[in-house]
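Q: One file: work36.txt (compact mmCIF, C-alpha atoms).
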```txt
# COMPACT_ATOMS: atom_id res chain seq x y z
CA MET A 1 13.34 29.62 27.26
CA LEU A 2 16.88 29.31 25.97
CA VAL A 3 19.56 31.92 26.61
CA VAL A 4 19.70 32.90 22.94
CA GLU A 5 16.02 33.75 22.87
CA ALA A 6 16.09 35.55 26.23
CA VAL A 7 18.97 37.71 25.05
CA ARG A 8 17.14 38.54 21.81
CA LEU A 9 14.02 39.60 23.68
CA ALA A 10 16.05 41.59 26.20
CA ALA A 11 17.87 43.46 23.45
CA ALA A 12 14.55 44.40 21.90
CA ARG A 13 13.27 45.53 25.30
CA LEU A 14 16.33 47.72 25.90
CA ALA A 15 16.58 49.20 22.42
CA GLU A 16 14.30 52.13 23.26
CA GLY A 17 16.64 53.53 25.89
CA SER A 18 20.10 52.18 25.11
CA ASP A 19 22.44 52.56 22.15
CA THR A 20 24.13 49.33 23.22
CA ALA A 21 21.04 47.21 23.80
CA ARG A 22 22.46 43.92 22.51
CA LEU A 23 25.70 44.36 24.44
CA ASP A 24 23.75 45.25 27.58
CA ALA A 25 21.60 42.15 27.22
CA GLU A 26 24.65 39.92 26.80
CA VAL A 27 26.56 41.45 29.72
CA LEU A 28 23.55 41.02 32.01
CA MET A 29 23.10 37.43 30.87
CA ALA A 30 26.76 36.64 31.48
CA HIS A 31 26.42 38.14 34.96
CA ALA A 32 23.28 36.10 35.67
CA LEU A 33 25.08 32.92 34.62
CA GLY A 34 28.29 33.77 36.46
CA VAL A 35 30.45 33.55 33.33
CA THR A 36 32.33 35.98 31.11
CA ARG A 37 30.66 37.41 28.04
CA SER A 38 33.06 35.44 25.84
CA GLU A 39 32.11 32.21 27.61
CA LEU A 40 28.45 33.10 27.22
CA LEU A 41 28.74 33.54 23.47
CA LEU A 42 30.90 30.46 22.95
CA ARG A 43 29.32 27.92 25.28
CA HIS A 44 26.02 28.94 26.85
CA MET A 45 23.68 30.36 24.21
CA ARG A 46 21.71 27.08 24.05
CA ASP A 47 21.43 26.74 27.84
CA PRO A 48 18.18 27.41 29.70
CA ALA A 49 17.83 31.08 30.63
CA PRO A 50 18.48 31.62 34.36
CA HIS A 51 15.85 32.80 36.81
CA GLY A 52 16.33 36.44 37.71
CA TYR A 53 17.54 37.56 34.31
CA ALA A 54 14.31 39.37 33.52
CA SER A 55 14.61 41.47 36.67
CA LEU A 56 18.12 42.56 35.67
CA VAL A 57 16.81 43.59 32.27
CA GLU A 58 14.03 45.64 33.86
CA ARG A 59 16.54 47.45 36.05
CA ARG A 60 18.50 48.39 32.95
CA ALA A 61 15.30 49.41 31.15
CA ALA A 62 14.75 51.85 34.03
CA HIS A 63 18.14 53.41 33.13
CA GLU A 64 20.14 51.92 35.99
CA PRO A 65 23.77 51.75 34.83
CA ILE A 66 25.09 48.33 33.91
CA ALA A 67 28.05 48.81 36.26
CA TYR A 68 25.77 49.21 39.27
CA ILE A 69 23.67 46.21 38.28
CA ILE A 70 26.65 43.86 37.94
CA GLY A 71 28.70 45.63 40.61
CA CYS A 72 31.91 46.20 38.68
CA GLN A 73 33.57 48.29 35.99
CA GLU A 74 36.90 47.87 34.22
CA PHE A 75 39.27 50.83 34.28
CA PHE A 76 42.78 50.96 32.86
CA GLY A 77 42.66 47.20 32.43
CA LEU A 78 41.78 46.56 36.08
CA PRO A 79 38.48 45.42 37.63
CA PHE A 80 36.87 47.80 40.12
CA ALA A 81 33.89 47.11 42.35
CA VAL A 82 31.37 49.94 42.13
CA THR A 83 28.23 50.78 44.09
CA PRO A 84 25.87 53.77 43.99
CA GLU A 85 28.16 55.34 46.62
CA VAL A 86 30.73 56.12 43.90
CA LEU A 87 30.89 57.45 40.38
CA ILE A 88 31.40 54.82 37.70
CA PRO A 89 34.98 55.05 36.36
CA ARG A 90 34.97 56.18 32.74
CA SER A 91 37.45 55.57 29.97
CA ASP A 92 37.85 59.34 29.46
CA SER A 93 39.54 59.48 32.88
CA GLU A 94 42.22 57.03 31.77
CA VAL A 95 44.08 59.95 30.16
CA LEU A 96 44.78 61.23 33.68
CA VAL A 97 46.45 57.93 34.62
CA GLU A 98 48.35 57.81 31.32
CA THR A 99 49.58 61.36 31.85
CA ALA A 100 50.65 60.66 35.41
CA LEU A 101 52.67 57.60 34.41
CA ALA A 102 54.28 59.43 31.50
CA ARG A 103 55.14 62.65 33.36
CA LEU A 104 56.17 61.20 36.71
CA PRO A 105 57.32 57.57 36.31
CA GLY A 106 59.43 57.93 39.44
CA ALA A 107 56.71 59.30 41.73
CA ARG A 108 56.92 57.83 45.22
CA ARG A 109 54.14 59.63 47.11
CA VAL A 110 50.71 60.03 45.54
CA LEU A 111 47.58 61.81 46.77
CA ASP A 112 44.12 61.29 45.26
CA CYS A 113 41.63 64.03 46.16
CA GLY A 114 38.14 62.57 45.91
CA ILE A 115 39.07 58.92 45.64
CA GLY A 116 35.61 57.47 44.92
CA SER A 117 36.08 53.86 43.80
CA GLY A 118 39.85 54.25 43.99
CA ALA A 119 40.26 53.88 40.24
CA LEU A 120 42.75 56.70 39.69
CA LEU A 121 44.99 56.08 42.68
CA LEU A 122 45.00 52.30 42.43
CA ALA A 123 45.62 52.28 38.67
CA VAL A 124 48.65 54.52 39.21
CA LEU A 125 49.97 52.47 42.13
CA ALA A 126 49.55 49.27 40.15
CA HIS A 127 52.05 50.66 37.62
CA LEU A 128 54.41 52.32 40.13
CA PRO A 129 55.52 49.46 42.39
CA GLU A 130 57.73 51.69 44.55
CA ALA A 131 55.01 54.26 45.23
CA THR A 132 52.61 54.64 48.13
CA GLY A 133 49.39 56.59 48.06
CA CYS A 134 46.74 58.33 50.12
CA GLY A 135 43.15 58.74 49.01
CA VAL A 136 40.74 61.18 50.62
CA ASP A 137 36.99 61.45 50.29
CA ARG A 138 34.26 63.03 52.37
CA ALA A 139 31.93 60.04 51.81
CA PRO A 140 32.52 57.05 54.13
CA GLY A 141 30.73 54.78 51.66
CA ALA A 142 33.15 55.73 48.90
CA LEU A 143 36.14 55.10 51.15
CA ALA A 144 34.80 51.62 51.92
CA VAL A 145 34.52 50.83 48.20
CA ALA A 146 38.05 52.14 47.56
CA ALA A 147 39.45 50.05 50.43
CA ARG A 148 37.69 46.98 49.06
CA ASN A 149 39.23 47.57 45.64
CA ALA A 150 42.69 48.14 47.12
CA ALA A 151 42.47 44.78 48.89
CA ALA A 152 41.20 43.00 45.77
CA LEU A 153 44.14 44.37 43.77
CA GLY A 154 46.69 43.54 46.47
CA LEU A 155 47.46 47.21 47.07
CA GLN A 156 46.08 47.63 50.57
CA GLN A 157 49.56 47.93 52.09
CA ARG A 158 50.44 50.85 49.80
CA ALA A 159 47.17 52.81 49.84
CA ARG A 160 45.68 54.66 52.81
CA MET A 161 42.08 55.87 52.80
CA ILE A 162 41.23 58.95 54.88
CA GLU A 163 37.89 60.66 55.42
CA ALA A 164 38.47 64.34 54.73
CA ASP A 165 36.80 67.28 52.99
CA TRP A 166 38.96 69.92 51.27
CA ARG A 167 36.25 72.47 52.00
CA GLU A 168 37.05 72.21 55.73
CA SER A 169 39.94 73.87 57.54
CA GLY A 170 42.75 71.50 58.50
CA TRP A 171 41.56 68.70 56.22
CA SER A 172 45.08 67.90 55.02
CA ASP A 173 46.83 67.94 58.40
CA SER A 174 46.80 64.14 58.73
CA LEU A 175 47.83 63.31 55.17
CA GLY A 176 51.57 63.34 55.78
CA GLY A 177 52.55 65.30 52.68
CA PRO A 178 54.12 66.70 50.63
CA PHE A 179 53.34 64.61 47.54
CA ASP A 180 55.14 64.07 44.26
CA LEU A 181 51.88 63.51 42.43
CA ILE A 182 48.38 64.75 43.19
CA LEU A 183 45.38 63.36 41.30
CA ALA A 184 41.92 64.91 41.42
CA ASN A 185 38.64 64.26 39.65
CA PRO A 186 36.46 66.63 41.69
CA PRO A 187 32.81 67.42 41.05
CA TYR A 188 32.64 69.66 37.97
CA VAL A 189 29.11 69.42 36.52
CA GLU A 190 27.00 72.59 36.46
CA ASP A 191 24.07 72.41 38.87
CA HIS A 192 21.47 72.69 36.11
CA ALA A 193 23.26 70.64 33.45
CA SER A 194 21.16 68.27 31.37
CA LEU A 195 22.30 64.74 32.14
CA SER A 196 21.11 61.34 30.96
CA PRO A 197 18.76 59.57 33.41
CA SER A 198 21.38 56.88 34.05
CA VAL A 199 23.69 59.55 35.47
CA ARG A 200 21.21 62.02 36.97
CA ASP A 201 19.05 59.45 38.75
CA PHE A 202 21.68 56.95 39.90
CA GLU A 203 25.17 58.38 40.36
CA PRO A 204 25.94 60.34 43.57
CA ALA A 205 25.04 64.01 43.17
CA THR A 206 27.71 65.11 45.66
CA ALA A 207 30.38 63.70 43.33
CA LEU A 208 28.88 65.36 40.25
CA PHE A 209 27.66 68.89 40.88
CA ALA A 210 29.80 71.91 41.72
CA GLY A 211 27.78 75.10 41.49
CA PRO A 212 26.27 77.07 38.61
CA GLU A 213 29.48 76.94 36.53
CA GLY A 214 30.79 73.61 37.80
CA LEU A 215 33.83 75.41 39.22
CA ASP A 216 33.14 75.59 42.95
CA ASP A 217 35.41 72.71 43.95
CA TYR A 218 38.27 73.89 41.72
CA ARG A 219 38.12 77.29 43.42
CA VAL A 220 38.56 75.63 46.82
CA LEU A 221 40.99 72.81 46.00
CA ILE A 222 43.44 74.35 43.50
CA PRO A 223 44.66 77.18 45.79
CA GLN A 224 45.63 74.49 48.31
CA LEU A 225 47.74 72.46 45.86
CA PRO A 226 51.04 74.38 46.27
CA GLY A 227 51.09 73.53 49.97
CA LEU A 228 50.64 69.84 49.21
CA LEU A 229 53.17 69.44 46.38
CA ALA A 230 56.77 68.40 46.91
CA PRO A 231 59.45 70.32 44.96
CA GLY A 232 59.16 69.28 41.32
CA GLY A 233 55.77 67.69 41.98
CA LEU A 234 52.76 67.80 39.68
CA ALA A 235 49.02 68.02 40.28
CA MET A 236 46.74 66.53 37.63
CA VAL A 237 43.10 67.58 37.61
CA GLU A 238 40.29 66.29 35.43
CA ILE A 239 38.00 68.94 33.95
CA GLY A 240 34.72 69.10 32.09
CA TYR A 241 34.02 70.32 28.57
CA GLY A 242 34.77 74.00 28.09
CA GLN A 243 36.34 74.49 31.53
CA ALA A 244 40.03 74.54 30.57
CA GLU A 245 40.47 78.32 30.44
CA ALA A 246 38.64 78.98 33.70
CA VAL A 247 40.40 76.22 35.64
CA ALA A 248 43.83 77.18 34.28
CA ALA A 249 43.13 80.76 35.37
CA ILE A 250 42.43 79.60 38.92
CA GLY A 251 45.79 77.87 38.89
CA ALA A 252 47.59 80.94 37.51
CA VAL A 253 46.24 83.17 40.28
CA THR A 254 47.47 80.55 42.74
CA GLY A 255 50.97 80.60 41.25
CA LEU A 256 50.72 77.41 39.19
CA ASP A 257 51.69 76.85 35.58
CA SER A 258 49.42 74.61 33.51
CA ALA A 259 49.58 72.16 30.60
CA LEU A 260 46.57 70.69 28.83
CA TYR A 261 45.98 67.07 27.83
CA HIS A 262 43.18 65.68 25.68
CA ASP A 263 41.07 62.54 25.75
CA LEU A 264 40.50 60.21 22.80
CA GLY A 265 37.67 62.43 21.60
CA GLY A 266 40.03 65.40 21.31
CA ARG A 267 38.47 67.24 24.27
CA THR A 268 40.66 68.87 26.89
CA ARG A 269 40.32 66.44 29.79
CA VAL A 270 43.27 67.01 32.16
CA ILE A 271 45.18 70.05 33.39
CA VAL A 272 48.62 69.40 34.83
CA PHE A 273 49.67 72.05 37.37
CA SER A 274 53.24 72.76 38.39
CA ALA A 275 55.08 75.56 40.13
CA LEU A 276 54.95 78.66 37.94
CA SER A 277 58.08 78.92 35.82
CA ARG A 278 60.09 82.13 36.11
```
Turn this file's structure into structure tokens for me.

A:
Amino acid sequence: MLVVEAVRLAAARLAEGSDTARLDAEVLMAHALGVTRSELLLRHMRDPAPHGYASLVERRAAHEPIAYIIGCQEFFGLPFAVTPEVLIPRSDSEVLVETALARLPGARRVLDCGIGSGALLLAVLAHLPEATGCGVDRAPGALAVAARNAAALGLQQRARMIEADWRESGWSDSLGGPFDLILANPPYVEDHASLSPSVRDFEPATALFAGPEGLDDYRVLIPQLPGLLAPGGLAMVEIGYGQAEAVAAIGAVTGLDSALYHDLGGRTRVIVFSALSR
């Protein structure tokens, strides 16, 4: 069977469960051939279909995310290795990086709370050549993925990875703060939220769920931010839909002022915390 026919059949197979069936089929085929999607479409559509392609298609038909199947995801123009140990970086989170670079272009010390794949911290460091960063996560597997990505991007000398859990006393003692910029994309999904199978069944639950309102981690982490911020520093926290008022209120009780930033869909996506103005 030729590639063109295999892709057509795969797209038909995936159409029941994916809104991007044709794209999925092409990305998986490019991965199976070891070429880019552009190269696939320009040069390889009349080649014989590779062995193993059908198994990739079946994994996707079972709702496994494309990023886990091919092992990578682009974020802020950079390639990131991903495994089921980490959440898949999403384009909505790019507003956090954009906001950080716009608000603090001179940041020198950066902390990422819940580093996962390293996407937030490493994207910021890639655009702030004088900065160094520290990423913490409670999952050793996530830290390994982040370290791998730091090395692949040539940032391993400027990014430290530390196993720590902000729910535990003394977790920040070894971080070496204070920090000019703090990034955080903590768990914020309600425990009983309805999620697509590709998220619910494959992405790490410990990085998704945060109590009945999705606020448990904010309630623990945000009160600790003032002790981690340098004078004039900013903390930027990603939030879920409808959580802006509640999360800003947690910051206000803590003594933090807040500013809201929106994603491309117009949803409030990031809260920037700073010392409360007088």

Q: Using only C-alpha atoms, pick whichever of A:Pro204, A:Pro140, A:Pro187, A:Pro197 has the shortest atom-to-atom distance to Tyr218 (chain A).

A: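 Checking each of A:Pro204, A:Pro140, A:Pro187, A:Pro197 against Tyr218 (chain A), counting only C-alpha atoms, the winner is A:Pro187.
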
Q: Hey, which of A:Leu183, A:Leu78, A:Met236, A:Phe202 ends up closest to Gly154 (chain A)? Count all atoms listed in the file.

A: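 Closest to Gly154 (chain A) of all the choices is A:Leu78.
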
Q: Could you check the closest approach to Leu256 (chain A) for each of A:Ala235, A:Leu40, A:Leu56, A:Ala49 and tell me which residue wins, using only C-alpha atoms?

A: A:Ala235

Q: Nearest to Ala207 (chain A) among A:Ala150, A:Ile162, A:Leu125, A:Ala184, with distances taken over all atoms listed in the file: which residue is it?

A: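 Checking each of A:Ala150, A:Ile162, A:Leu125, A:Ala184 against Ala207 (chain A), counting all atoms listed in the file, the winner is A:Ala184.
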
Q: Counting all atoms listed in the file, I want the residues whose atoms come within 6 Å of (46.5, 65.9, 32.5) in the file frame, returned as a PyMOL selection string.

A: chain A and resi 96+99+236+261+270-272

Q: CA of Gly77 (chain A) to CA of Phe209 (chain A): how many Å, to one decimal?

A: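 Separation between CA of Gly77 (chain A) and CA of Phe209 (chain A): 27.7 Å.
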
Q: Find the residue from A:Glu58, A:Val199, A:Leu215, A:Gln224 that sits nearest to Glu245 (chain A); use all atoms listed in the file when measuring.

A: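 So, comparing all the options, the nearest one is A:Leu215.
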
Q: I'd like to know which of A:Ala139, A:Leu234, A:Val27, A:Ala193 is closest to Leu101 (chain A), using only C-alpha atoms.

A: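 Nearest to Leu101 (chain A): A:Leu234.
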
Q: One decimal, Å: what's the distance from CA of Pro178 (chain A) over to CA of Pro79 (chain A), could you say?

A: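 About the pair CA of Pro178 (chain A) and CA of Pro79 (chain A): they are 29.4 Å apart.
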